Amino acid sequence: MSAGMPTEGSPTLPYTQGGEFVTVGEGLCIRRIYPEGEDSDLSARTMINIGPSHPAMHGTIRMVVELDGETIVGVDVIPGYLHRGFEKECEHHTYHQAIPYTDRLNYCSPLINNFGWVETVEKLFEVEATRRTQLIRTYMSEVSRITDHLTCLGAALMELGALTPFLYMIEVRDWLWEHIANVSGARLTQTYARVGGLARDVTDEWLDRCEHLYVEELIPKLRDVHGLVDHNRIFIDRMRGVGVISREDAVSYGVTGPVLRSTGVGLDVRKYAPYSAYGDVSFEVPIGKYGDNYDRYFVRMREMEESIRICRQLDPMIRATNGEPIVVDDARMTLPDKKEVYSNIEALMNHFKLIMEGPRPPKGEAYHAVEGANGELGFYLVSDGTGLPYKARCRPPSFVNMGAIHLMLLGSQVADIVPVFGQINMIGGECDR
Amino acid sequence: MAIEDGPTTNEEDSGPAPGEAASQPNQDALPIVQGEHVAPDPSGRSAGGSGGFQLAVLDDLLNQARARSLWPLTFGLACCAIEMMAAGASRFDLDRFGAGVFRPSPRQADVMILAGTISRKMAPTIQALWDQMPAPKWGIAMGGCTISGGPFKYPAQYAIVEGGDELIPIDVYIPGCPPRPEALIQGILLLEEKIKAGRKFDQ
Amino acid sequence: MTDFGRNPGFRNLVDGPVLPESAYPGEFTEGEIVTYYNPEKMTWVERMYIPYVLSGLAITAGRFFSNMAQWAVWFFAWIRGKGAETKRGTVTIYYPEEQRPDFSPVNRGKHILTQRPSGDPQCVACYMCATACPAFCIHIVAGEHPDPQIEKYPVRFDIEIDKCIFCGYCEEACPVDAIRLTTDVHLVDYKRQRMVYDKDFLLTWKPTVVEDEHIYPGDRPRED
C-alpha cells in the first residue's frame with residue numbers, strides 16, 4: 001500500500017530458519033530454537049504455560065513457553081479466549097446495528113473502530129461525509145488514540161512495578177472519557193458514528209474544555225511520566241534492548257503501528273493513505289531506532305504529542321464550520337430529522353424503511369483501513385444489495401502483531417515476557433474478534 | 001469553564017445539578033431526562049432490608065470484617081475490565097471500600113468480578129479459578145455479557161457462554177455495557193450489604 | 001542493527017532483502033515535551049540509580065504537596081460555602097455521597113416510557129425499537145386500544161436490561177418519542193430474574209424537572 005514496500009525479491013518466510021516447529025503435546029506446536037546447535041540437550045528444558053489468566057497476561061491469551069534455564073527457546077501463542085464471532089455477527093445485523101459491535105473490538109479506542117466501519121460502508125455507498133463530519137471524526141480519533149496509548153502505557157508500566165504513572169495516566173484518561181461521554185453519551189462504548197455522519201454535534205464549549213484538559217491535565221502528566229521513568233535504571237534495564245525486532249522481520253510479518261514504527265519504519269496509514277481530514281493537517285510520524293521496548297514506549301509517548309498537535313490544528317477548522325450539517329443529505333442512509341418524523345408522513349416512511357431494513361448499499365465490495373492505535377485497522381465488506389453485509393472481515397492489528405511476538409521473545413528471559421507483551425498492547429476483543 | 005473539580009451533593013438520584021448542566025454542551029441535542037420512580041416497585045426491587053438472623057455477635061463481627069475487606073481477583077476478560085481498572089484508579093478508588101487490593105492469585109481472593117464476555121474456550125479456566133478460591137467467596141457479574149450473554153447472544157451464536165451463572169454462583173448482577181464505575185461501586189456496596197446481613201441464601 | 005549483547009544470535013530470523021535505511025521516511029522529531037532519547041549506553045548518572053530515583057520522588061512529592069495545598073484552599077472555600085466552584089486538589093470522588101461534577105448529562109442509562117396525561121404509554125407498539133435494537137432485548141406485544149384516537153398500544157413492553165447495551169438506538173428509532181434513556185445507572189440487583197423491566201415499572205417514572213413539553217407531550221395535534 002505504500003511506495004516504500006520492497007518490490008524486488010519478495011521477502012521469503014523460511015519458517016524453519018532460526019528454529020523449527022515441533023509438536024509437543026495435544027494441539028500444541030511450538031517454535032523451538034537450538035542455541036547450542038541441533039544436538040542440544042533437550043532433557044534440561046522446561047515447558048511452562050502462561051495464561052489465559054496470569055498476572056503477566058493482562059488479557060485473555062495463553063502462551064506456551066519452552067525454557068532452557070531462564071532463556072526462552074520456544075514460544076507458542078494460543079489466541080481465541082475472547083472469540084465472540086464479530087464477523088459472523090455482522091452478517092446477522094444491519095450496517096447500522098453493527099456499529100456498537102465495532103466499539104467492542106478495540107475497547108481502548110472505540111471511536112477509531114466506529115469511524116473505520118462507517119467509512120467502509122460509506123465507500124460501499126460511494127458517498128463522502130460532510131466536511132464538518134470529517135473534521136470531527138479526525139479530532140475524535142486523535143482523542144481516542146490518546147486514551148488508548150494512556151491505557152496501554154499505564155498498564156505496561158504498572159506491570160513493571162511503576163504504579164504512579166498508571167494512576168496519573170488513568171486519571172487523565174478518565175477525564176477524557178467523561179468528556180467524550182458529554183458528547184457521545186457513553187464513556188467506553190460510545191457508538192458515536194453513524195453511516196453518513198455522526199450521532200451528535202460538538203459545540204465550541206466542548207472544544208474549549210478539551211483544550212483545557214490537554215493543557216491542565218494531559219501535558220503535565222505526560223511530563224511527569226517522562227520524568228519518572230525515562231532515566232530510571234530499573235525501567236531502562238527492563239526495556240532497553242528487550243524485545244528487539246528488526247526492520248526486515250517487522251515488515252515481513254506484517255507488523256504495523258507503534259511496533260513497526262519503533263524499528264525505524266515510518267509507515268502510517270494517516271500519512272500514506274490519508275482518510276477523513278488527515279490530509280489537511282501537518283503532523284509527524286515519530287519513529288524509533290532499535291525496535292526495542294524502550295523505542296515503543298517513546299513512539300507511543302510522542303504519538304500522543306502529535307495527537308495533541310493535530311487536535312490543535314483541527315480546533316479552528318471545526319469552529320469555522322459551525323452550523324454546517326454533520327450528516328450527508330442522502331435518504332438512503334441518513335435518518336430524517338426527528339421533527340420531520342413527528343409531522344411529515346414522507347419522512348416517517350423513510351425513517352421506517354431505514355430502521356426496518358437498514359441502509360442498503362449497492363452490490364460491491366470495499367476495503368478501508370484506518371490507523372488504529374495499534375496499527376492498521378481494516379474492514380473489508382461485501383454487499384449483496386440487502387441491508388445485511390454478505391461478508392464482513394476485520395483486519396485486526398493486534399492479531400498480526402501477536403504473530404511476531406516469538407521474534408521478540410526467543411532468546412530473552414522469562415521476565416521479559418511482561419514488558420514485551422505490555423508494549424505490543426494486545427487487546428483481546430480486537431485480537432480474537 | 002464552569003466545570004471544576006469540586007464536590008456536589010448527590011441529592012438527586014441521577015445527573016448533575018441543574019446549574020452545572022446548563023453549561024454542558026449538547027443541551028439541545030437531546031433533552032435531559034431527570035426524574036425518579038415514584039411508585040413503590042411491585043416486585044420488591046429495592047435492595048437491602050433486615051432479613052438476616054444473627055446467631056452470635058462474633059458471627060456478626062466476622063461478617064463485618066469480611067464485608068470491609070473484599071479482595072477481588074485480578075481478572076479482566078474484556079471491555080468491562082477497562083472500566084474495572086478505572087474504578088480501581090484514583091478517580092473512583094475502590095480502596096475506600098477495602099475492595100481495591102486486586103490479587104493476582106485466586107488463593108488470596110475473596111470475590112471474583114467477572115468482567116467481560118465469557119467465551120466457551122475460557123469457561124473451563126474460570127471454573128478452575130473459582131475452585132481455587134478459598135471458601136467464603138462471592139461472585140459479581142459485571143456487564144451484560146456475564147449476566148446473560150448480552151449483545152453477543154443472538155440466534156447463530158456459537159462462541160460464548162450465555163451468562164456467568166452457568167459456571168459459578170453469582171451474588172450481584174451489574175447491568176451495563178460496560179457499567180460505569182459508579183455502577184460497579186454500587187454493586188460492591190450491595191455485596192457488602194449482603195455479607196453484613198449474613199444471608200446464606202439468595203433473598 | 002545494534003547488537004545489545006543480551007541475546008545474540010536470535011535476531012534477523014527472516015532472510016529477506018535488507019531494507020535500505022532510506023526505504024521509509026520517518027523522523028526522529030523534536031516534540032513539545034520530549035525528544036527522541038535511546039542511547040546505546042547508559043550515562044553514569046543513570047548507572048547510579050539513586051539520582052533519578054530521587055528526582056522521581058521529587059516529582060511525586062511535588063504533586064502531593066501541590067494537591068494538599070490546593071485541598072487546603074478548597075477546604076477554606078468550602079467552609080465559606082464556595083466549595084462547588086473551587087478546584088479541589090484530590091481527584092477522588094466520594095462516590096455514593098457525591099456525584100462527579102462532570103457527569104455526562106447525556107449519559108445513556110435506564111430506560112423509561114413516556115406517557116400521556118391519562119397514564120397510558122405514549123408508545124404505539126410499532127416495533128421500531130425492537131427491530132433497531134442490536135441486542136434484540138426489547139419485546140413488545142401489541143393490542144388494540146379502546147380509545148379510537150389511539151390505534152395500538154403495547155399490552156406488554158419488556159426490556160431485558162441485562163442484555164441491553166445502552167446504545168440509544170431505540171430512542172433514535174422511536175417515531176413518537178415514547179422511549180427514552182435517562183442518565184440513571186443504578187441498575188444493580190441480586191437476582192437475574194428481576195432484570196426484565198416490564199411496562200408497569202417503566203411507566204412508574206415521573207419527571208422531577210420538566211424541561212420541555214415533550215416529557216408530557218399529551219395528545220399532540222395530528223398533522224397528517
# chains A, B, ... in the order shown; residues from 1 in each chain; ligands from 1
call {"tool": "residues_around", "arguments": {"residues": "Lys338 of chain A", "least_positions_apart": "5", "cutoff": "10 Å", "atoms": "only C-alpha atoms", "output": "PyMOL selection string"}}
result
(chain A and resi 343-344+347-348+351) or (chain C and resi 172-177)
call {"tool": "write_last_selection", "arguments": {"atoms": "C-alpha atoms", "output": "PDB file, in the first residue's frame"}}
result
ATOM      1  CA  SER A 343     -45.010  15.712  11.494  1.00  0.00           C
ATOM      2  CA  ASN A 344     -44.326  14.540   7.954  1.00  0.00           C
ATOM      3  CA  ALA A 347     -40.093  11.405   6.496  1.00  0.00           C
ATOM      4  CA  LEU A 348     -41.864   8.842   8.643  1.00  0.00           C
ATOM      5  CA  HIS A 351     -37.464   6.538   8.806  1.00  0.00           C
TER       6      HIS A 351
ATOM      7  CA  GLU C 172     -33.354   7.130  17.840  1.00  0.00           C
ATOM      8  CA  ALA C 173     -35.786   4.750  16.167  1.00  0.00           C
ATOM      9  CA  CYS C 174     -38.923   5.725  18.056  1.00  0.00           C
ATOM     10  CA  PRO C 175     -41.225   7.773  15.819  1.00  0.00           C
ATOM     11  CA  VAL C 176     -43.445   9.029  18.662  1.00  0.00           C
ATOM     12  CA  ASP C 177     -40.858   9.829  21.348  1.00  0.00           C
TER      13      ASP C 177
END
call {"tool": "select_by_dssp", "arguments": {"residues": "segment 101-155 of chain B", "states": "strand (DSSP E or B)", "output": "list of chain:residue names"}}
result
B:Arg103, B:Val111, B:Met112, B:Ile113, B:Leu114, B:Ala115, B:Ser119, B:Trp138, B:Gly139, B:Ile140, B:Ala141, B:Met142
call {"tool": "atom_distance", "arguments": {"atom1": "atom CA of Cys152 of chain A", "atom2": "atom CA of Cys164 of chain C"}}
result
28.1 Å
call {"tool": "residues_around", "arguments": {"residues": "Gln132 of chain B", "least_positions_apart": "2", "cutoff": "10 Å", "atoms": "only C-alpha atoms", "output": "PyMOL selection string"}}
result
chain B and resi 105-109+126-130+134-135
call {"tool": "select_by_dssp", "arguments": {"residues": "segment 170-379 of chain A", "states": "helix (DSSP H, G or I)", "output": "tab-separated table (two decimals) with N, CA and C atoms, in the first residue's frame"}}
result
chain	number	residue	atom	x	y	z
A	170	ILE	N	-4.30	6.93	34.10
A	170	ILE	CA	-5.70	6.54	34.14
A	170	ILE	C	-6.57	7.71	34.58
A	171	GLU	N	-6.00	8.58	35.39
A	171	GLU	CA	-6.76	9.76	35.81
A	171	GLU	C	-7.06	10.65	34.61
A	172	VAL	N	-6.01	10.90	33.80
A	172	VAL	CA	-6.22	11.73	32.61
A	172	VAL	C	-7.20	11.06	31.66
A	173	ARG	N	-7.05	9.74	31.51
A	173	ARG	CA	-7.94	9.01	30.63
A	173	ARG	C	-9.39	9.14	31.10
A	174	ASP	N	-9.56	9.13	32.41
A	174	ASP	CA	-10.92	9.24	32.94
A	174	ASP	C	-11.52	10.60	32.61
A	175	TRP	N	-10.71	11.67	32.73
A	175	TRP	CA	-11.22	12.99	32.35
A	175	TRP	C	-11.64	12.99	30.89
A	176	LEU	N	-10.77	12.43	30.05
A	176	LEU	CA	-11.06	12.48	28.60
A	176	LEU	C	-12.28	11.63	28.27
A	177	TRP	N	-12.40	10.49	28.92
A	177	TRP	CA	-13.56	9.64	28.63
A	177	TRP	C	-14.85	10.32	29.02
A	178	GLU	N	-14.87	10.90	30.20
A	178	GLU	CA	-16.10	11.55	30.62
A	178	GLU	C	-16.40	12.72	29.70
A	179	HIS	N	-15.33	13.33	29.19
A	179	HIS	CA	-15.53	14.44	28.26
A	179	HIS	C	-16.10	13.93	26.94
A	180	ILE	N	-15.62	12.79	26.48
A	180	ILE	CA	-16.21	12.21	25.27
A	180	ILE	C	-17.66	11.83	25.53
A	181	ALA	N	-17.92	11.32	26.75
A	181	ALA	CA	-19.30	10.93	27.08
A	181	ALA	C	-20.22	12.13	27.05
A	182	ASN	N	-19.68	13.32	27.30
A	182	ASN	CA	-20.52	14.51	27.26
A	182	ASN	C	-21.10	14.75	25.88
A	183	VAL	N	-20.42	14.29	24.86
A	183	VAL	CA	-20.99	14.49	23.53
A	183	VAL	C	-21.56	13.20	22.97
A	184	SER	N	-20.98	12.05	23.33
A	184	SER	CA	-21.43	10.82	22.69
A	184	SER	C	-22.45	10.06	23.53
A	204	ASP	N	-18.67	24.53	20.65
A	204	ASP	CA	-17.43	25.26	20.92
A	204	ASP	C	-17.00	25.07	22.38
A	205	GLU	N	-17.98	24.99	23.29
A	205	GLU	CA	-17.63	24.78	24.70
A	205	GLU	C	-16.92	23.45	24.88
A	206	TRP	N	-17.38	22.46	24.12
A	206	TRP	CA	-16.76	21.14	24.22
A	206	TRP	C	-15.30	21.21	23.79
A	207	LEU	N	-15.04	21.92	22.70
A	207	LEU	CA	-13.67	22.05	22.22
A	207	LEU	C	-12.82	22.83	23.21
A	208	ASP	N	-13.42	23.88	23.80
A	208	ASP	CA	-12.71	24.66	24.82
A	208	ASP	C	-12.27	23.77	25.96
A	209	ARG	N	-13.21	22.97	26.41
A	209	ARG	CA	-12.92	22.12	27.56
A	209	ARG	C	-11.88	21.06	27.21
A	210	CYS	N	-11.90	20.59	25.97
A	210	CYS	CA	-10.92	19.60	25.56
A	210	CYS	C	-9.52	20.20	25.60
A	211	GLU	N	-9.39	21.40	25.07
A	211	GLU	CA	-8.09	22.08	25.10
A	211	GLU	C	-7.67	22.33	26.54
A	212	HIS	N	-8.65	22.70	27.37
A	212	HIS	CA	-8.38	22.91	28.79
A	212	HIS	C	-7.83	21.64	29.43
A	213	LEU	N	-8.42	20.50	29.06
A	213	LEU	CA	-7.95	19.23	29.63
A	213	LEU	C	-6.54	18.91	29.15
A	214	TYR	N	-6.25	19.21	27.89
A	214	TYR	CA	-4.89	18.97	27.40
A	214	TYR	C	-3.89	19.78	28.19
A	215	VAL	N	-4.20	21.07	28.36
A	215	VAL	CA	-3.22	21.95	28.98
A	215	VAL	C	-3.11	21.66	30.47
A	216	GLU	N	-4.25	21.44	31.12
A	216	GLU	CA	-4.24	21.34	32.57
A	216	GLU	C	-3.93	19.93	33.06
A	217	GLU	N	-4.34	18.94	32.31
A	217	GLU	CA	-4.22	17.57	32.82
A	217	GLU	C	-3.20	16.75	32.03
A	218	LEU	N	-3.40	16.68	30.71
A	218	LEU	CA	-2.64	15.70	29.95
A	218	LEU	C	-1.16	16.04	29.86
A	219	ILE	N	-0.86	17.26	29.43
A	219	ILE	CA	0.55	17.58	29.19
A	219	ILE	C	1.37	17.55	30.48
A	220	PRO	N	0.87	18.12	31.61
A	220	PRO	CA	1.66	17.99	32.84
A	220	PRO	C	1.87	16.55	33.26
A	221	LYS	N	0.86	15.71	33.06
A	221	LYS	CA	1.02	14.32	33.47
A	221	LYS	C	2.00	13.59	32.57
A	222	LEU	N	1.99	13.93	31.27
A	222	LEU	CA	2.99	13.31	30.39
A	222	LEU	C	4.40	13.73	30.79
A	223	ARG	N	4.55	15.01	31.13
A	223	ARG	CA	5.86	15.46	31.61
A	223	ARG	C	6.27	14.69	32.86
A	224	ASP	N	5.32	14.52	33.76
A	224	ASP	CA	5.63	13.78	34.99
A	224	ASP	C	6.08	12.36	34.70
A	225	VAL	N	5.36	11.71	33.78
A	225	VAL	CA	5.70	10.32	33.48
A	225	VAL	C	7.09	10.24	32.85
A	226	HIS	N	7.39	11.19	31.96
A	226	HIS	CA	8.74	11.22	31.40
A	226	HIS	C	9.77	11.38	32.50
A	227	GLY	N	9.50	12.27	33.42
A	227	GLY	CA	10.46	12.49	34.49
A	227	GLY	C	10.59	11.29	35.41
A	228	LEU	N	9.51	10.54	35.54
A	228	LEU	CA	9.56	9.42	36.48
A	228	LEU	C	10.32	8.22	35.92
A	229	VAL	N	10.10	7.90	34.66
A	229	VAL	CA	10.62	6.61	34.20
A	229	VAL	C	11.75	6.69	33.18
A	233	ARG	N	16.85	3.59	36.18
A	233	ARG	CA	17.61	2.45	35.69
A	233	ARG	C	16.82	1.15	35.72
A	234	ILE	N	15.90	1.05	36.67
A	234	ILE	CA	15.07	-0.16	36.71
A	234	ILE	C	14.27	-0.28	35.42
A	235	PHE	N	13.72	0.85	35.02
A	235	PHE	CA	12.94	0.89	33.77
A	235	PHE	C	13.84	0.60	32.58
A	236	ILE	N	15.01	1.21	32.56
A	236	ILE	CA	15.92	1.03	31.41
A	236	ILE	C	16.33	-0.43	31.29
A	237	ASP	N	16.65	-1.03	32.43
A	237	ASP	CA	17.08	-2.43	32.39
A	237	ASP	C	15.99	-3.35	31.88
A	238	ARG	N	14.75	-3.02	32.20
A	238	ARG	CA	13.67	-3.90	31.75
A	238	ARG	C	13.29	-3.64	30.30
A	239	MET	N	13.56	-2.44	29.81
A	239	MET	CA	13.04	-2.06	28.49
A	239	MET	C	14.09	-2.01	27.40
A	247	ARG	N	13.90	-4.45	11.35
A	247	ARG	CA	13.02	-3.84	10.36
A	247	ARG	C	12.52	-4.88	9.37
A	248	GLU	N	13.43	-5.74	8.93
A	248	GLU	CA	13.06	-6.72	7.91
A	248	GLU	C	12.01	-7.68	8.45
A	249	ASP	N	12.24	-8.14	9.67
A	249	ASP	CA	11.27	-9.06	10.26
A	249	ASP	C	9.92	-8.40	10.43
A	250	ALA	N	9.94	-7.17	10.90
A	250	ALA	CA	8.67	-6.49	11.16
A	250	ALA	C	7.89	-6.32	9.87
A	251	VAL	N	8.56	-5.92	8.81
A	251	VAL	CA	7.86	-5.73	7.54
A	251	VAL	C	7.38	-7.07	7.00
A	252	SER	N	8.21	-8.11	7.13
A	252	SER	CA	7.83	-9.41	6.59
A	252	SER	C	6.62	-9.99	7.30
A	258	PRO	N	2.74	1.25	16.27
A	258	PRO	CA	3.92	1.66	17.01
A	258	PRO	C	5.01	0.60	17.05
A	259	VAL	N	4.62	-0.67	16.98
A	259	VAL	CA	5.64	-1.72	17.00
A	259	VAL	C	6.50	-1.65	15.75
A	260	LEU	N	5.87	-1.40	14.60
A	260	LEU	CA	6.64	-1.27	13.36
A	260	LEU	C	7.44	0.03	13.37
A	261	ARG	N	6.80	1.10	13.82
A	261	ARG	CA	7.49	2.39	13.78
A	261	ARG	C	8.66	2.43	14.74
A	269	VAL	N	-0.86	4.82	8.19
A	269	VAL	CA	-1.96	4.95	7.23
A	269	VAL	C	-2.39	6.41	7.10
A	270	ARG	N	-2.27	7.14	8.17
A	270	ARG	CA	-2.69	8.53	8.13
A	270	ARG	C	-1.86	9.33	7.14
A	271	LYS	N	-0.60	8.91	6.94
A	271	LYS	CA	0.27	9.62	6.00
A	271	LYS	C	0.15	9.05	4.60
A	272	TYR	N	0.10	7.72	4.50
A	272	TYR	CA	0.23	7.09	3.18
A	272	TYR	C	-1.10	7.01	2.44
A	278	TYR	N	-7.14	13.95	7.50
A	278	TYR	CA	-5.72	13.86	7.83
A	278	TYR	C	-4.85	14.51	6.75
A	279	GLY	N	-5.40	14.65	5.55
A	279	GLY	CA	-4.62	15.29	4.52
A	279	GLY	C	-4.45	16.78	4.74
A	280	ASP	N	-5.28	17.36	5.60
A	280	ASP	CA	-5.26	18.81	5.78
A	280	ASP	C	-4.45	19.27	6.97
A	293	ASN	N	11.73	-2.34	23.32
A	293	ASN	CA	10.60	-1.87	24.10
A	293	ASN	C	10.72	-0.39	24.43
A	294	TYR	N	11.93	0.06	24.66
A	294	TYR	CA	12.12	1.46	25.01
A	294	TYR	C	11.68	2.36	23.86
A	295	ASP	N	11.99	1.92	22.63
A	295	ASP	CA	11.55	2.69	21.47
A	295	ASP	C	10.04	2.70	21.36
A	296	ARG	N	9.43	1.56	21.64
A	296	ARG	CA	7.96	1.51	21.54
A	296	ARG	C	7.33	2.45	22.54
A	297	TYR	N	7.88	2.49	23.73
A	297	TYR	CA	7.39	3.42	24.75
A	297	TYR	C	7.52	4.85	24.24
A	298	PHE	N	8.68	5.16	23.64
A	298	PHE	CA	8.89	6.52	23.18
A	298	PHE	C	7.98	6.88	22.03
A	299	VAL	N	7.80	5.92	21.11
A	299	VAL	CA	6.94	6.21	19.96
A	299	VAL	C	5.53	6.50	20.44
A	300	ARG	N	5.04	5.73	21.41
A	300	ARG	CA	3.68	5.98	21.91
A	300	ARG	C	3.58	7.33	22.59
A	301	MET	N	4.58	7.66	23.40
A	301	MET	CA	4.51	8.95	24.08
A	301	MET	C	4.55	10.10	23.07
A	302	ARG	N	5.40	9.95	22.04
A	302	ARG	CA	5.48	11.02	21.06
A	302	ARG	C	4.22	11.10	20.22
A	303	GLU	N	3.59	9.96	19.98
A	303	GLU	CA	2.35	9.99	19.20
A	303	GLU	C	1.26	10.75	19.92
A	304	MET	N	1.26	10.66	21.24
A	304	MET	CA	0.27	11.44	21.98
A	304	MET	C	0.50	12.93	21.77
A	305	GLU	N	1.77	13.33	21.77
A	305	GLU	CA	2.05	14.74	21.49
A	305	GLU	C	1.57	15.13	20.11
A	306	GLU	N	1.83	14.27	19.13
A	306	GLU	CA	1.39	14.58	17.77
A	306	GLU	C	-0.13	14.66	17.71
A	307	SER	N	-0.81	13.79	18.50
A	307	SER	CA	-2.27	13.84	18.51
A	307	SER	C	-2.75	15.19	19.04
A	308	ILE	N	-2.08	15.67	20.08
A	308	ILE	CA	-2.46	16.99	20.60
A	308	ILE	C	-2.25	18.04	19.52
A	309	ARG	N	-1.15	17.90	18.78
A	309	ARG	CA	-0.87	18.87	17.72
A	309	ARG	C	-1.97	18.85	16.67
A	310	ILE	N	-2.38	17.63	16.28
A	310	ILE	CA	-3.44	17.52	15.27
A	310	ILE	C	-4.72	18.15	15.78
A	311	CYS	N	-5.05	17.87	17.05
A	311	CYS	CA	-6.28	18.42	17.62
A	311	CYS	C	-6.23	19.94	17.60
A	312	ARG	N	-5.06	20.50	17.90
A	312	ARG	CA	-4.97	21.96	17.95
A	312	ARG	C	-5.11	22.58	16.57
A	313	GLN	N	-4.65	21.84	15.55
A	313	GLN	CA	-4.86	22.36	14.20
A	313	GLN	C	-6.32	22.26	13.77
A	314	LEU	N	-6.98	21.19	14.24
A	314	LEU	CA	-8.37	20.98	13.81
A	314	LEU	C	-9.33	21.91	14.52
A	315	ASP	N	-8.94	22.35	15.70
A	315	ASP	CA	-9.85	23.13	16.54
A	315	ASP	C	-10.44	24.34	15.79
A	316	PRO	N	-9.60	25.24	15.22
A	316	PRO	CA	-10.21	26.37	14.49
A	316	PRO	C	-10.97	25.94	13.25
A	317	MET	N	-10.55	24.83	12.63
A	317	MET	CA	-11.26	24.39	11.43
A	317	MET	C	-12.66	23.94	11.77
A	318	ILE	N	-12.81	23.26	12.93
A	318	ILE	CA	-14.16	22.82	13.33
A	318	ILE	C	-15.01	24.04	13.67
A	319	ARG	N	-14.40	24.99	14.37
A	319	ARG	CA	-15.16	26.19	14.72
A	319	ARG	C	-15.62	26.95	13.49
A	320	ALA	N	-14.79	26.93	12.44
A	320	ALA	CA	-15.15	27.67	11.23
A	320	ALA	C	-16.34	27.04	10.52
A	338	LYS	N	-35.88	14.37	13.53
A	338	LYS	CA	-36.98	13.89	14.38
A	338	LYS	C	-38.23	14.75	14.21
A	339	LYS	N	-38.05	16.05	14.06
A	339	LYS	CA	-39.22	16.92	13.92
A	339	LYS	C	-39.99	16.57	12.64
A	340	GLU	N	-39.23	16.24	11.60
A	340	GLU	CA	-39.86	15.82	10.35
A	340	GLU	C	-40.62	14.51	10.56
A	341	VAL	N	-40.01	13.60	11.31
A	341	VAL	CA	-40.64	12.30	11.52
A	341	VAL	C	-41.96	12.48	12.26
A	342	TYR	N	-41.98	13.40	13.24
A	342	TYR	CA	-43.19	13.58	14.03
A	342	TYR	C	-44.32	14.19	13.21
A	343	SER	N	-43.97	14.94	12.15
A	343	SER	CA	-45.01	15.71	11.49
A	343	SER	C	-45.24	15.32	10.04
A	345	ILE	N	-45.35	12.66	6.79
A	345	ILE	CA	-45.52	11.24	6.51
A	345	ILE	C	-44.41	10.71	5.61
A	346	GLU	N	-43.87	11.56	4.71
A	346	GLU	CA	-42.78	11.09	3.85
A	346	GLU	C	-41.56	10.74	4.70
A	347	ALA	N	-41.24	11.64	5.63
A	347	ALA	CA	-40.09	11.40	6.50
A	347	ALA	C	-40.33	10.17	7.36
A	348	LEU	N	-41.56	10.00	7.80
A	348	LEU	CA	-41.86	8.84	8.64
A	348	LEU	C	-41.65	7.55	7.87
A	349	MET	N	-42.06	7.55	6.61
A	349	MET	CA	-41.87	6.33	5.81
A	349	MET	C	-40.40	6.05	5.58
A	350	ASN	N	-39.65	7.10	5.29
A	350	ASN	CA	-38.21	6.95	5.10
A	350	ASN	C	-37.56	6.41	6.37
A	351	HIS	N	-37.95	6.98	7.51
A	351	HIS	CA	-37.46	6.54	8.81
A	351	HIS	C	-37.77	5.06	9.01
A	352	PHE	N	-39.01	4.69	8.71
A	352	PHE	CA	-39.45	3.32	8.91
A	352	PHE	C	-38.63	2.36	8.05
A	353	LYS	N	-38.42	2.72	6.78
A	353	LYS	CA	-37.67	1.85	5.90
A	353	LYS	C	-36.22	1.69	6.39
A	354	LEU	N	-35.65	2.80	6.83
A	354	LEU	CA	-34.25	2.73	7.26
A	354	LEU	C	-34.09	1.91	8.53
A	355	ILE	N	-35.09	1.99	9.43
A	355	ILE	CA	-34.98	1.25	10.67
A	355	ILE	C	-35.24	-0.23	10.42
A	356	MET	N	-36.27	-0.51	9.62
A	356	MET	CA	-36.67	-1.91	9.46
A	356	MET	C	-35.69	-2.68	8.57
A	357	GLU	N	-35.16	-2.04	7.54
A	357	GLU	CA	-34.30	-2.74	6.59
A	357	GLU	C	-32.84	-2.35	6.72
call {"tool": "closest_atom_pairs", "arguments": {"of": "chain C", "to": "chain B", "cutoff": "7 Å", "atoms": "only C-alpha atoms", "output": "Markdown table"}}
result
| residue | atom | partner | partner_atom | distance |
| --- | --- | --- | --- | --- |
| C:Gly83 | CA | B:Gly6 | CA | 6.3 |
| C:Ala84 | CA | B:Gly6 | CA | 4.9 |
| C:Glu85 | CA | B:Glu4 | CA | 6.2 |
| C:Thr86 | CA | B:Gly6 | CA | 6.0 |
| C:Lys87 | CA | B:Asp5 | CA | 4.7 |
| C:Arg88 | CA | B:Gly6 | CA | 5.5 |
| C:Val91 | CA | B:Arg91 | CA | 5.5 |
| C:Thr92 | CA | B:Arg91 | CA | 4.4 |
| C:Ile93 | CA | B:Phe92 | CA | 5.7 |
| C:Tyr95 | CA | B:Glu182 | CA | 6.9 |
| C:Glu97 | CA | B:Asn10 | CA | 5.8 |
| C:Glu98 | CA | B:Asn10 | CA | 4.6 |
| C:Gln99 | CA | B:Asn10 | CA | 5.4 |
| C:Arg100 | CA | B:Pro7 | CA | 6.9 |
| C:Pro101 | CA | B:Thr8 | CA | 6.4 |
| C:Asp102 | CA | B:Ile3 | CA | 6.4 |
| C:Phe103 | CA | B:Pro16 | CA | 6.2 |
| C:Pro105 | CA | B:Gly15 | CA | 6.0 |
| C:Val106 | CA | B:Ile32 | CA | 6.6 |
| C:Pro134 | CA | B:Pro151 | CA | 6.9 |
| C:Ala135 | CA | B:Pro151 | CA | 4.4 |
| C:Ile161 | CA | B:Pro175 | CA | 6.6 |
| C:Asp162 | CA | B:Gly144 | CA | 5.0 |
| C:Lys163 | CA | B:Gly150 | CA | 3.9 |
| C:Cys164 | CA | B:Gly150 | CA | 6.6 |
| C:Ile165 | CA | B:Cys177 | CA | 4.9 |
| C:Phe166 | CA | B:Cys177 | CA | 6.7 |
| C:Thr182 | CA | B:Val33 | CA | 5.3 |
| C:Thr183 | CA | B:Gly15 | CA | 5.9 |
| C:Asp184 | CA | B:Ser14 | CA | 5.2 |
| C:Val185 | CA | B:Ala183 | CA | 6.2 |
| C:His186 | CA | B:Ala183 | CA | 5.9 |
| C:Leu187 | CA | B:Pro175 | CA | 6.2 |
| C:Val188 | CA | B:Ile174 | CA | 4.7 |
| C:Asp189 | CA | B:Tyr173 | CA | 5.5 |
| C:Tyr190 | CA | B:Val172 | CA | 4.7 |
| C:Lys191 | CA | B:Tyr173 | CA | 6.8 |
| C:Arg192 | CA | B:Tyr173 | CA | 6.7 |
| C:Phe201 | CA | B:Asp41 | CA | 6.9 |
| C:Thr204 | CA | B:His37 | CA | 5.3 |
| C:Trp205 | CA | B:His37 | CA | 4.2 |
| C:Lys206 | CA | B:Gly35 | CA | 5.7 |
| C:Pro207 | CA | B:Gly35 | CA | 4.1 |
| C:Thr208 | CA | B:Gly35 | CA | 4.4 |
| C:Val209 | CA | B:Gln34 | CA | 5.9 |
call {"tool": "interface_residues", "arguments": {"of": "chain A", "to": "chain B", "cutoff": "9 Å", "atoms": "only C-alpha atoms", "output": "VMD selection string"}}
result
chain A and resid 52 to 55 58 to 60 80 to 86 88 to 89 92 101 104 to 108 151 166 to 168 170 to 171 173 to 174 182 to 183 186 to 189 200 to 206 208 to 209 212 427 to 429
